[in-house]
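target37.txt follows; it contains compact mmCIF, N, CA and C atoms and all ligand atoms.
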```txt
# COMPACT_ATOMS: atom_id res chain seq x y z
N MET T 1 68.80 -75.83 37.91
CA MET T 1 68.67 -74.56 37.21
C MET T 1 70.03 -74.05 36.78
N ASN T 2 70.11 -73.62 35.53
CA ASN T 2 71.32 -72.96 35.04
C ASN T 2 71.33 -71.54 35.58
N THR T 3 72.32 -71.18 36.37
CA THR T 3 72.32 -69.87 37.02
C THR T 3 72.56 -68.73 36.05
N ASN T 4 72.90 -69.01 34.81
CA ASN T 4 73.10 -67.96 33.81
C ASN T 4 71.91 -67.78 32.87
N GLU T 5 70.85 -68.59 33.05
CA GLU T 5 69.74 -68.51 32.11
C GLU T 5 68.94 -67.23 32.31
N GLU T 6 68.36 -66.74 31.21
CA GLU T 6 67.39 -65.66 31.30
C GLU T 6 66.16 -66.23 31.98
N ILE T 7 65.57 -65.47 32.88
CA ILE T 7 64.43 -65.98 33.63
C ILE T 7 63.19 -65.16 33.28
N SER T 8 62.29 -65.76 32.53
CA SER T 8 61.01 -65.12 32.25
C SER T 8 60.14 -65.21 33.50
N LEU T 9 59.04 -64.50 33.50
CA LEU T 9 58.14 -64.58 34.66
C LEU T 9 57.59 -65.99 34.83
N SER T 10 57.24 -66.65 33.73
CA SER T 10 56.71 -68.01 33.87
C SER T 10 57.79 -68.97 34.36
N ARG T 11 59.00 -68.78 33.88
CA ARG T 11 60.10 -69.62 34.37
C ARG T 11 60.36 -69.34 35.84
N LEU T 12 60.31 -68.08 36.23
CA LEU T 12 60.49 -67.73 37.64
C LEU T 12 59.45 -68.43 38.50
N GLN T 13 58.18 -68.39 38.06
CA GLN T 13 57.14 -69.05 38.83
C GLN T 13 57.42 -70.54 38.96
N GLN T 14 57.95 -71.16 37.90
CA GLN T 14 58.26 -72.59 37.96
C GLN T 14 59.44 -72.85 38.90
N ILE T 15 60.46 -72.01 38.81
CA ILE T 15 61.64 -72.17 39.68
C ILE T 15 61.24 -72.04 41.16
N VAL T 16 60.43 -71.03 41.44
CA VAL T 16 59.99 -70.81 42.82
C VAL T 16 59.14 -71.99 43.30
N ASP T 17 58.26 -72.47 42.43
CA ASP T 17 57.44 -73.63 42.80
C ASP T 17 58.31 -74.86 43.04
N ASP T 18 59.25 -75.10 42.15
CA ASP T 18 60.13 -76.26 42.32
C ASP T 18 60.89 -76.16 43.64
N TRP T 19 61.39 -74.97 43.95
CA TRP T 19 62.16 -74.78 45.18
C TRP T 19 61.28 -74.99 46.42
N ILE T 20 60.12 -74.35 46.40
CA ILE T 20 59.24 -74.42 47.58
C ILE T 20 58.75 -75.85 47.82
N THR T 21 58.35 -76.53 46.73
CA THR T 21 57.83 -77.88 46.91
C THR T 21 58.94 -78.91 47.11
N GLY T 22 60.17 -78.53 46.83
CA GLY T 22 61.30 -79.43 47.06
C GLY T 22 62.05 -79.04 48.31
N ILE T 23 62.99 -78.16 48.16
CA ILE T 23 63.83 -77.72 49.29
C ILE T 23 63.00 -77.12 50.41
N GLY T 24 61.97 -76.38 50.06
CA GLY T 24 61.17 -75.70 51.07
C GLY T 24 60.13 -76.56 51.75
N HIS T 25 59.87 -77.76 51.23
CA HIS T 25 58.89 -78.69 51.81
C HIS T 25 57.49 -78.11 51.86
N GLY T 26 57.15 -77.26 50.91
CA GLY T 26 55.77 -76.79 50.80
C GLY T 26 55.60 -75.31 51.05
N TYR T 27 54.48 -74.82 50.55
CA TYR T 27 54.16 -73.39 50.64
C TYR T 27 53.72 -73.01 52.05
N PHE T 28 54.11 -71.82 52.48
CA PHE T 28 53.45 -71.20 53.63
C PHE T 28 52.04 -70.86 53.19
N SER T 29 51.16 -70.59 54.12
CA SER T 29 49.81 -70.18 53.76
C SER T 29 49.88 -68.84 53.02
N PRO T 30 48.86 -68.54 52.21
CA PRO T 30 48.86 -67.24 51.52
C PRO T 30 48.97 -66.06 52.49
N LEU T 31 48.31 -66.14 53.63
CA LEU T 31 48.39 -65.02 54.56
C LEU T 31 49.78 -64.90 55.18
N THR T 32 50.43 -66.04 55.43
CA THR T 32 51.81 -65.98 55.91
C THR T 32 52.70 -65.36 54.85
N ASN T 33 52.52 -65.76 53.60
CA ASN T 33 53.33 -65.17 52.54
C ASN T 33 53.04 -63.69 52.37
N MET T 34 51.82 -63.25 52.64
CA MET T 34 51.52 -61.82 52.61
C MET T 34 52.33 -61.10 53.68
N ALA T 35 52.43 -61.72 54.86
CA ALA T 35 53.24 -61.13 55.93
C ALA T 35 54.72 -61.12 55.54
N VAL T 36 55.17 -62.20 54.90
CA VAL T 36 56.56 -62.25 54.44
C VAL T 36 56.81 -61.16 53.40
N LEU T 37 55.83 -60.94 52.52
CA LEU T 37 55.98 -59.86 51.52
C LEU T 37 56.12 -58.50 52.21
N ALA T 38 55.32 -58.27 53.22
CA ALA T 38 55.42 -57.01 53.97
C ALA T 38 56.80 -56.90 54.62
N GLU T 39 57.27 -58.01 55.19
CA GLU T 39 58.59 -58.03 55.82
C GLU T 39 59.69 -57.72 54.80
N GLU T 40 59.63 -58.38 53.66
CA GLU T 40 60.66 -58.17 52.65
C GLU T 40 60.58 -56.75 52.06
N THR T 41 59.38 -56.23 51.92
CA THR T 41 59.23 -54.86 51.44
C THR T 41 59.86 -53.89 52.44
N GLY T 42 59.70 -54.19 53.71
CA GLY T 42 60.34 -53.38 54.74
C GLY T 42 61.86 -53.43 54.64
N GLU T 43 62.37 -54.60 54.28
CA GLU T 43 63.82 -54.72 54.13
C GLU T 43 64.31 -53.90 52.94
N VAL T 44 63.49 -53.82 51.88
CA VAL T 44 63.84 -52.93 50.76
C VAL T 44 63.83 -51.48 51.25
N ALA T 45 62.82 -51.12 52.02
CA ALA T 45 62.73 -49.75 52.54
C ALA T 45 63.95 -49.43 53.40
N ARG T 46 64.38 -50.40 54.18
CA ARG T 46 65.55 -50.20 55.03
C ARG T 46 66.79 -49.90 54.19
N GLN T 47 66.96 -50.67 53.12
CA GLN T 47 68.10 -50.43 52.21
C GLN T 47 67.99 -49.04 51.58
N MET T 48 66.81 -48.71 51.08
CA MET T 48 66.63 -47.42 50.39
C MET T 48 66.88 -46.25 51.33
N SER T 49 66.41 -46.38 52.58
CA SER T 49 66.58 -45.27 53.52
C SER T 49 68.04 -45.06 53.87
N ARG T 50 68.82 -46.13 53.77
CA ARG T 50 70.25 -46.01 54.07
C ARG T 50 71.09 -45.65 52.85
N LEU T 51 70.66 -46.12 51.70
CA LEU T 51 71.41 -45.83 50.47
C LEU T 51 71.07 -44.46 49.90
N TYR T 52 69.79 -44.06 50.01
CA TYR T 52 69.36 -42.82 49.37
C TYR T 52 68.73 -41.83 50.34
N GLY T 53 68.49 -42.24 51.56
CA GLY T 53 67.87 -41.36 52.54
C GLY T 53 68.87 -40.92 53.59
N ASP T 54 68.34 -40.63 54.74
CA ASP T 54 69.16 -40.03 55.79
C ASP T 54 69.71 -41.04 56.79
N GLN T 55 69.28 -42.30 56.71
CA GLN T 55 69.78 -43.32 57.64
C GLN T 55 71.17 -43.78 57.23
N THR T 56 71.86 -44.44 58.16
CA THR T 56 73.17 -45.01 57.85
C THR T 56 73.19 -46.48 58.24
N PHE T 57 74.04 -47.23 57.59
CA PHE T 57 74.19 -48.65 57.92
C PHE T 57 74.98 -48.78 59.21
N LYS T 58 74.68 -49.85 59.95
CA LYS T 58 75.46 -50.15 61.14
C LYS T 58 76.84 -50.62 60.71
N ALA T 59 77.80 -50.50 61.60
CA ALA T 59 79.15 -50.96 61.30
C ALA T 59 79.12 -52.43 60.92
N GLY T 60 79.77 -52.78 59.84
CA GLY T 60 79.83 -54.17 59.41
C GLY T 60 78.70 -54.61 58.52
N GLU T 61 77.64 -53.78 58.39
CA GLU T 61 76.53 -54.12 57.52
C GLU T 61 76.94 -53.93 56.06
N THR T 62 76.51 -54.84 55.21
CA THR T 62 76.80 -54.73 53.79
C THR T 62 75.52 -54.38 53.04
N PRO T 63 75.49 -53.26 52.36
CA PRO T 63 74.29 -52.92 51.59
C PRO T 63 74.04 -53.96 50.51
N ASP T 64 72.78 -54.34 50.32
CA ASP T 64 72.45 -55.28 49.25
C ASP T 64 71.00 -55.08 48.83
N LEU T 65 70.75 -53.95 48.18
CA LEU T 65 69.41 -53.65 47.68
C LEU T 65 68.95 -54.72 46.69
N ALA T 66 69.84 -55.16 45.83
CA ALA T 66 69.47 -56.15 44.81
C ALA T 66 68.92 -57.42 45.46
N ASP T 67 69.55 -57.88 46.50
CA ASP T 67 69.09 -59.10 47.17
C ASP T 67 67.73 -58.90 47.81
N GLU T 68 67.51 -57.75 48.40
CA GLU T 68 66.20 -57.49 49.02
C GLU T 68 65.10 -57.38 47.96
N LEU T 69 65.41 -56.75 46.82
CA LEU T 69 64.43 -56.70 45.73
C LEU T 69 64.13 -58.11 45.22
N ALA T 70 65.16 -58.94 45.14
CA ALA T 70 64.96 -60.32 44.71
C ALA T 70 64.08 -61.08 45.70
N ASP T 71 64.25 -60.81 47.00
CA ASP T 71 63.38 -61.44 48.00
C ASP T 71 61.92 -61.07 47.77
N VAL T 72 61.67 -59.80 47.43
CA VAL T 72 60.30 -59.36 47.16
C VAL T 72 59.75 -60.09 45.94
N ILE T 73 60.54 -60.16 44.88
CA ILE T 73 60.09 -60.83 43.66
C ILE T 73 59.81 -62.31 43.94
N TRP T 74 60.64 -62.92 44.75
CA TRP T 74 60.46 -64.34 45.10
C TRP T 74 59.09 -64.57 45.76
N VAL T 75 58.80 -63.77 46.77
CA VAL T 75 57.55 -64.02 47.49
C VAL T 75 56.34 -63.62 46.66
N VAL T 76 56.49 -62.63 45.77
CA VAL T 76 55.41 -62.30 44.84
C VAL T 76 55.13 -63.51 43.94
N ALA T 77 56.19 -64.15 43.46
CA ALA T 77 56.01 -65.35 42.63
C ALA T 77 55.34 -66.47 43.43
N ALA T 78 55.73 -66.61 44.68
CA ALA T 78 55.12 -67.65 45.52
C ALA T 78 53.63 -67.39 45.71
N ILE T 79 53.28 -66.15 46.00
CA ILE T 79 51.87 -65.80 46.18
C ILE T 79 51.10 -66.01 44.88
N ALA T 80 51.70 -65.62 43.77
CA ALA T 80 51.06 -65.83 42.47
C ALA T 80 50.82 -67.33 42.25
N ASN T 81 51.80 -68.14 42.52
CA ASN T 81 51.66 -69.59 42.34
C ASN T 81 50.51 -70.15 43.16
N GLN T 82 50.45 -69.78 44.41
CA GLN T 82 49.47 -70.43 45.27
C GLN T 82 48.07 -69.83 45.13
N THR T 83 47.97 -68.72 44.39
CA THR T 83 46.64 -68.13 44.17
C THR T 83 46.20 -68.24 42.72
N GLY T 84 47.00 -68.95 41.91
CA GLY T 84 46.61 -69.19 40.53
C GLY T 84 46.81 -68.02 39.59
N VAL T 85 47.70 -67.12 39.93
CA VAL T 85 47.96 -65.96 39.07
C VAL T 85 49.11 -66.28 38.11
N ASP T 86 48.86 -66.06 36.82
CA ASP T 86 49.88 -66.15 35.79
C ASP T 86 50.51 -64.76 35.67
N LEU T 87 51.71 -64.60 36.19
CA LEU T 87 52.33 -63.27 36.24
C LEU T 87 52.60 -62.71 34.85
N THR T 88 52.89 -63.58 33.89
CA THR T 88 53.12 -63.08 32.53
C THR T 88 51.86 -62.42 31.99
N GLU T 89 50.74 -63.11 32.12
CA GLU T 89 49.48 -62.55 31.65
C GLU T 89 49.08 -61.33 32.48
N ALA T 90 49.32 -61.39 33.77
CA ALA T 90 48.99 -60.25 34.63
C ALA T 90 49.79 -59.02 34.24
N MET T 91 51.07 -59.21 33.95
CA MET T 91 51.91 -58.07 33.56
C MET T 91 51.50 -57.52 32.20
N ARG T 92 51.13 -58.43 31.28
CA ARG T 92 50.65 -57.96 29.96
C ARG T 92 49.43 -57.07 30.14
N ARG T 93 48.47 -57.54 30.92
CA ARG T 93 47.26 -56.76 31.13
C ARG T 93 47.55 -55.46 31.87
N ASN T 94 48.47 -55.53 32.83
CA ASN T 94 48.82 -54.34 33.62
C ASN T 94 49.49 -53.28 32.75
N LEU T 95 50.37 -53.72 31.85
CA LEU T 95 51.05 -52.77 30.98
C LEU T 95 50.07 -52.10 30.01
N VAL T 96 49.10 -52.88 29.51
CA VAL T 96 48.07 -52.29 28.65
C VAL T 96 47.26 -51.28 29.44
N LYS T 97 46.88 -51.64 30.67
CA LYS T 97 46.12 -50.73 31.52
C LYS T 97 46.87 -49.43 31.75
N LYS T 98 48.14 -49.57 32.14
CA LYS T 98 48.93 -48.37 32.43
C LYS T 98 49.11 -47.52 31.18
N THR T 99 49.33 -48.16 30.06
CA THR T 99 49.60 -47.41 28.84
C THR T 99 48.36 -46.67 28.37
N THR T 100 47.22 -47.34 28.38
CA THR T 100 45.99 -46.68 27.92
C THR T 100 45.53 -45.62 28.92
N ARG T 101 45.62 -45.92 30.19
CA ARG T 101 45.16 -44.99 31.21
C ARG T 101 46.07 -43.77 31.34
N ASP T 102 47.37 -44.02 31.19
CA ASP T 102 48.34 -42.98 31.53
C ASP T 102 49.09 -42.42 30.33
N LEU T 103 48.54 -42.62 29.14
CA LEU T 103 49.26 -42.20 27.94
C LEU T 103 49.72 -40.75 28.02
N HIS T 104 48.87 -39.88 28.55
CA HIS T 104 49.23 -38.45 28.64
C HIS T 104 49.36 -37.97 30.07
N ARG T 105 49.17 -38.86 31.03
CA ARG T 105 49.10 -38.48 32.44
C ARG T 105 50.35 -37.80 32.96
N HIS T 106 51.51 -38.23 32.49
CA HIS T 106 52.75 -37.73 33.08
C HIS T 106 53.49 -36.73 32.20
N GLU T 107 52.84 -36.27 31.16
CA GLU T 107 53.52 -35.34 30.25
C GLU T 107 53.99 -34.08 30.95
N HIS T 108 53.26 -33.65 31.96
CA HIS T 108 53.62 -32.43 32.68
C HIS T 108 54.91 -32.58 33.47
N ARG T 109 55.38 -33.83 33.64
CA ARG T 109 56.55 -34.07 34.48
C ARG T 109 57.85 -33.74 33.77
N LYS T 110 57.84 -33.63 32.45
CA LYS T 110 59.08 -33.33 31.74
C LYS T 110 59.51 -31.91 32.06
N THR T 111 60.79 -31.79 32.38
CA THR T 111 61.33 -30.46 32.65
C THR T 111 62.17 -30.03 31.47
N THR T 112 62.65 -28.84 31.50
CA THR T 112 63.47 -28.35 30.40
C THR T 112 64.78 -29.12 30.28
N SER T 113 65.23 -29.74 31.37
CA SER T 113 66.47 -30.52 31.31
C SER T 113 66.23 -31.94 30.83
N GLY T 114 64.95 -32.31 30.64
CA GLY T 114 64.65 -33.67 30.19
C GLY T 114 64.48 -34.64 31.33
N THR T 115 64.72 -34.21 32.55
CA THR T 115 64.51 -35.08 33.70
C THR T 115 63.09 -34.89 34.20
N THR T 116 62.68 -35.71 35.14
CA THR T 116 61.33 -35.63 35.66
C THR T 116 61.37 -35.36 37.16
N ASP T 117 60.24 -34.88 37.67
CA ASP T 117 60.14 -34.70 39.11
C ASP T 117 59.74 -36.02 39.75
N ASN T 118 59.28 -36.01 40.97
CA ASN T 118 59.04 -37.25 41.70
C ASN T 118 57.56 -37.58 41.88
N CYS T 119 56.75 -37.50 40.84
CA CYS T 119 55.35 -37.88 40.93
C CYS T 119 55.23 -39.40 41.00
N ASP T 120 54.10 -39.88 41.51
CA ASP T 120 53.90 -41.33 41.58
C ASP T 120 53.78 -41.91 40.19
N GLN T 121 54.10 -43.18 40.06
CA GLN T 121 54.07 -43.82 38.75
C GLN T 121 53.31 -45.13 38.76
N ASN T 122 52.39 -45.33 39.66
CA ASN T 122 51.64 -46.59 39.64
C ASN T 122 50.22 -46.29 39.46
MG MG U 201 65.12 -59.97 52.60
```
So, in terms of structure tokens, how does the structure I just supplied come out?
Ligand SMILES: [Mg+2]
Amino acid sequence: MNTNEEISLSRLQQIVDDWITGIGHGYFSPLTNMAVLAEETGEVARQMSRLYGDQTFKAGETPDLADELADVIWVVAAIANQTGVDLTEAMRRNLVKKTTRDLHRHEHRKTTSGTTDNCDQN
């Protein structure tokens, strides 16, 4: 893999599959990967609580939110691969759903300063 290439969702799924079936010697079970996803999501939460919340990092710890988000994306791609989900198509459908369903849903969130409050966005 060229480390400077743009990575589409389909390319990501292929890269993850190549890695898992090669270096990784095969997929974990879907339920194990679900547990890994929960674990990695927790690691994102840990970063967020320390970077933007009230927690602090331990001495010597290096913040790396980007790496933890990448871990989440990796395992999402792995789960998609082993369950037959085409993430590109799934995202296309999801964006249409969100756009049609929520076209006017968040209009109330605009403030006079142009910023928004903290309502949910999913
Ligand atoms: Mg991680």
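The residues sitting within 7 Å of ligand MG 201 (chain U), with only N, CA and C atoms and all ligand atoms considered, come out as Glu39, Glu40, Thr41, Glu43, Val44, Asp67, Glu68, Leu69, Asp71 and Val72 of chain T.
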N, CA and C atoms of the current selection, written as a compact mmCIF listing (two decimals), in the frame of the given file:
```txt
# COMPACT_ATOMS: atom_id res chain seq x y z
N GLU T 39 57.27 -58.01 55.19
CA GLU T 39 58.59 -58.03 55.82
C GLU T 39 59.69 -57.72 54.80
N GLU T 40 59.63 -58.38 53.66
CA GLU T 40 60.66 -58.17 52.65
C GLU T 40 60.58 -56.75 52.06
N THR T 41 59.38 -56.23 51.92
CA THR T 41 59.23 -54.86 51.44
C THR T 41 59.86 -53.89 52.44
N GLU T 43 62.37 -54.60 54.28
CA GLU T 43 63.82 -54.72 54.13
C GLU T 43 64.31 -53.90 52.94
N VAL T 44 63.49 -53.82 51.88
CA VAL T 44 63.84 -52.93 50.76
C VAL T 44 63.83 -51.48 51.25
N ASP T 67 69.55 -57.88 46.50
CA ASP T 67 69.09 -59.10 47.17
C ASP T 67 67.73 -58.90 47.81
N GLU T 68 67.51 -57.75 48.40
CA GLU T 68 66.20 -57.49 49.02
C GLU T 68 65.10 -57.38 47.96
N LEU T 69 65.41 -56.75 46.82
CA LEU T 69 64.43 -56.70 45.73
C LEU T 69 64.13 -58.11 45.22
N ASP T 71 64.25 -60.81 47.00
CA ASP T 71 63.38 -61.44 48.00
C ASP T 71 61.92 -61.07 47.77
N VAL T 72 61.67 -59.80 47.43
CA VAL T 72 60.30 -59.36 47.16
C VAL T 72 59.75 -60.09 45.94
```
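Nearest to T:Val76 of all the residues T:Met1, T:Leu51, T:Leu95, T:Leu37 is T:Leu37, based on all atoms listed in the file.
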Enumerate the residues of chain T with a DSSP assignment of alpha helix (DSSP H), computed from the backbone, and present them as number ranges by chain.
T: 9-21, 30-51, 65-83, 87-102
Need the shell around stretch 17-31 of chain T: protein/DNA/RNA residues with any atom at most 8 Å away, counting only C-alpha atoms. Skip same-chain ones fewer than 2 positions apart. Format as a list in words?
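So, after excluding close chain neighbours, the residues are Gln13, Gln14, Ile15, Asn33, Met34, Ala35, Ala78, Ile79, Asn81, Gln82 and Thr83 of chain T.
Counting from atom CA of T:Asn4, the distance to atom CA of T:Asp64 is 20.0 Å.
From atom C of T:Val36 back to atom C of T:Ala80, the distance works out to 14.1 Å.
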Just how far from atom N of T:His108 is atom N of T:Gly53, in Å to one decimal?
26.3 Å
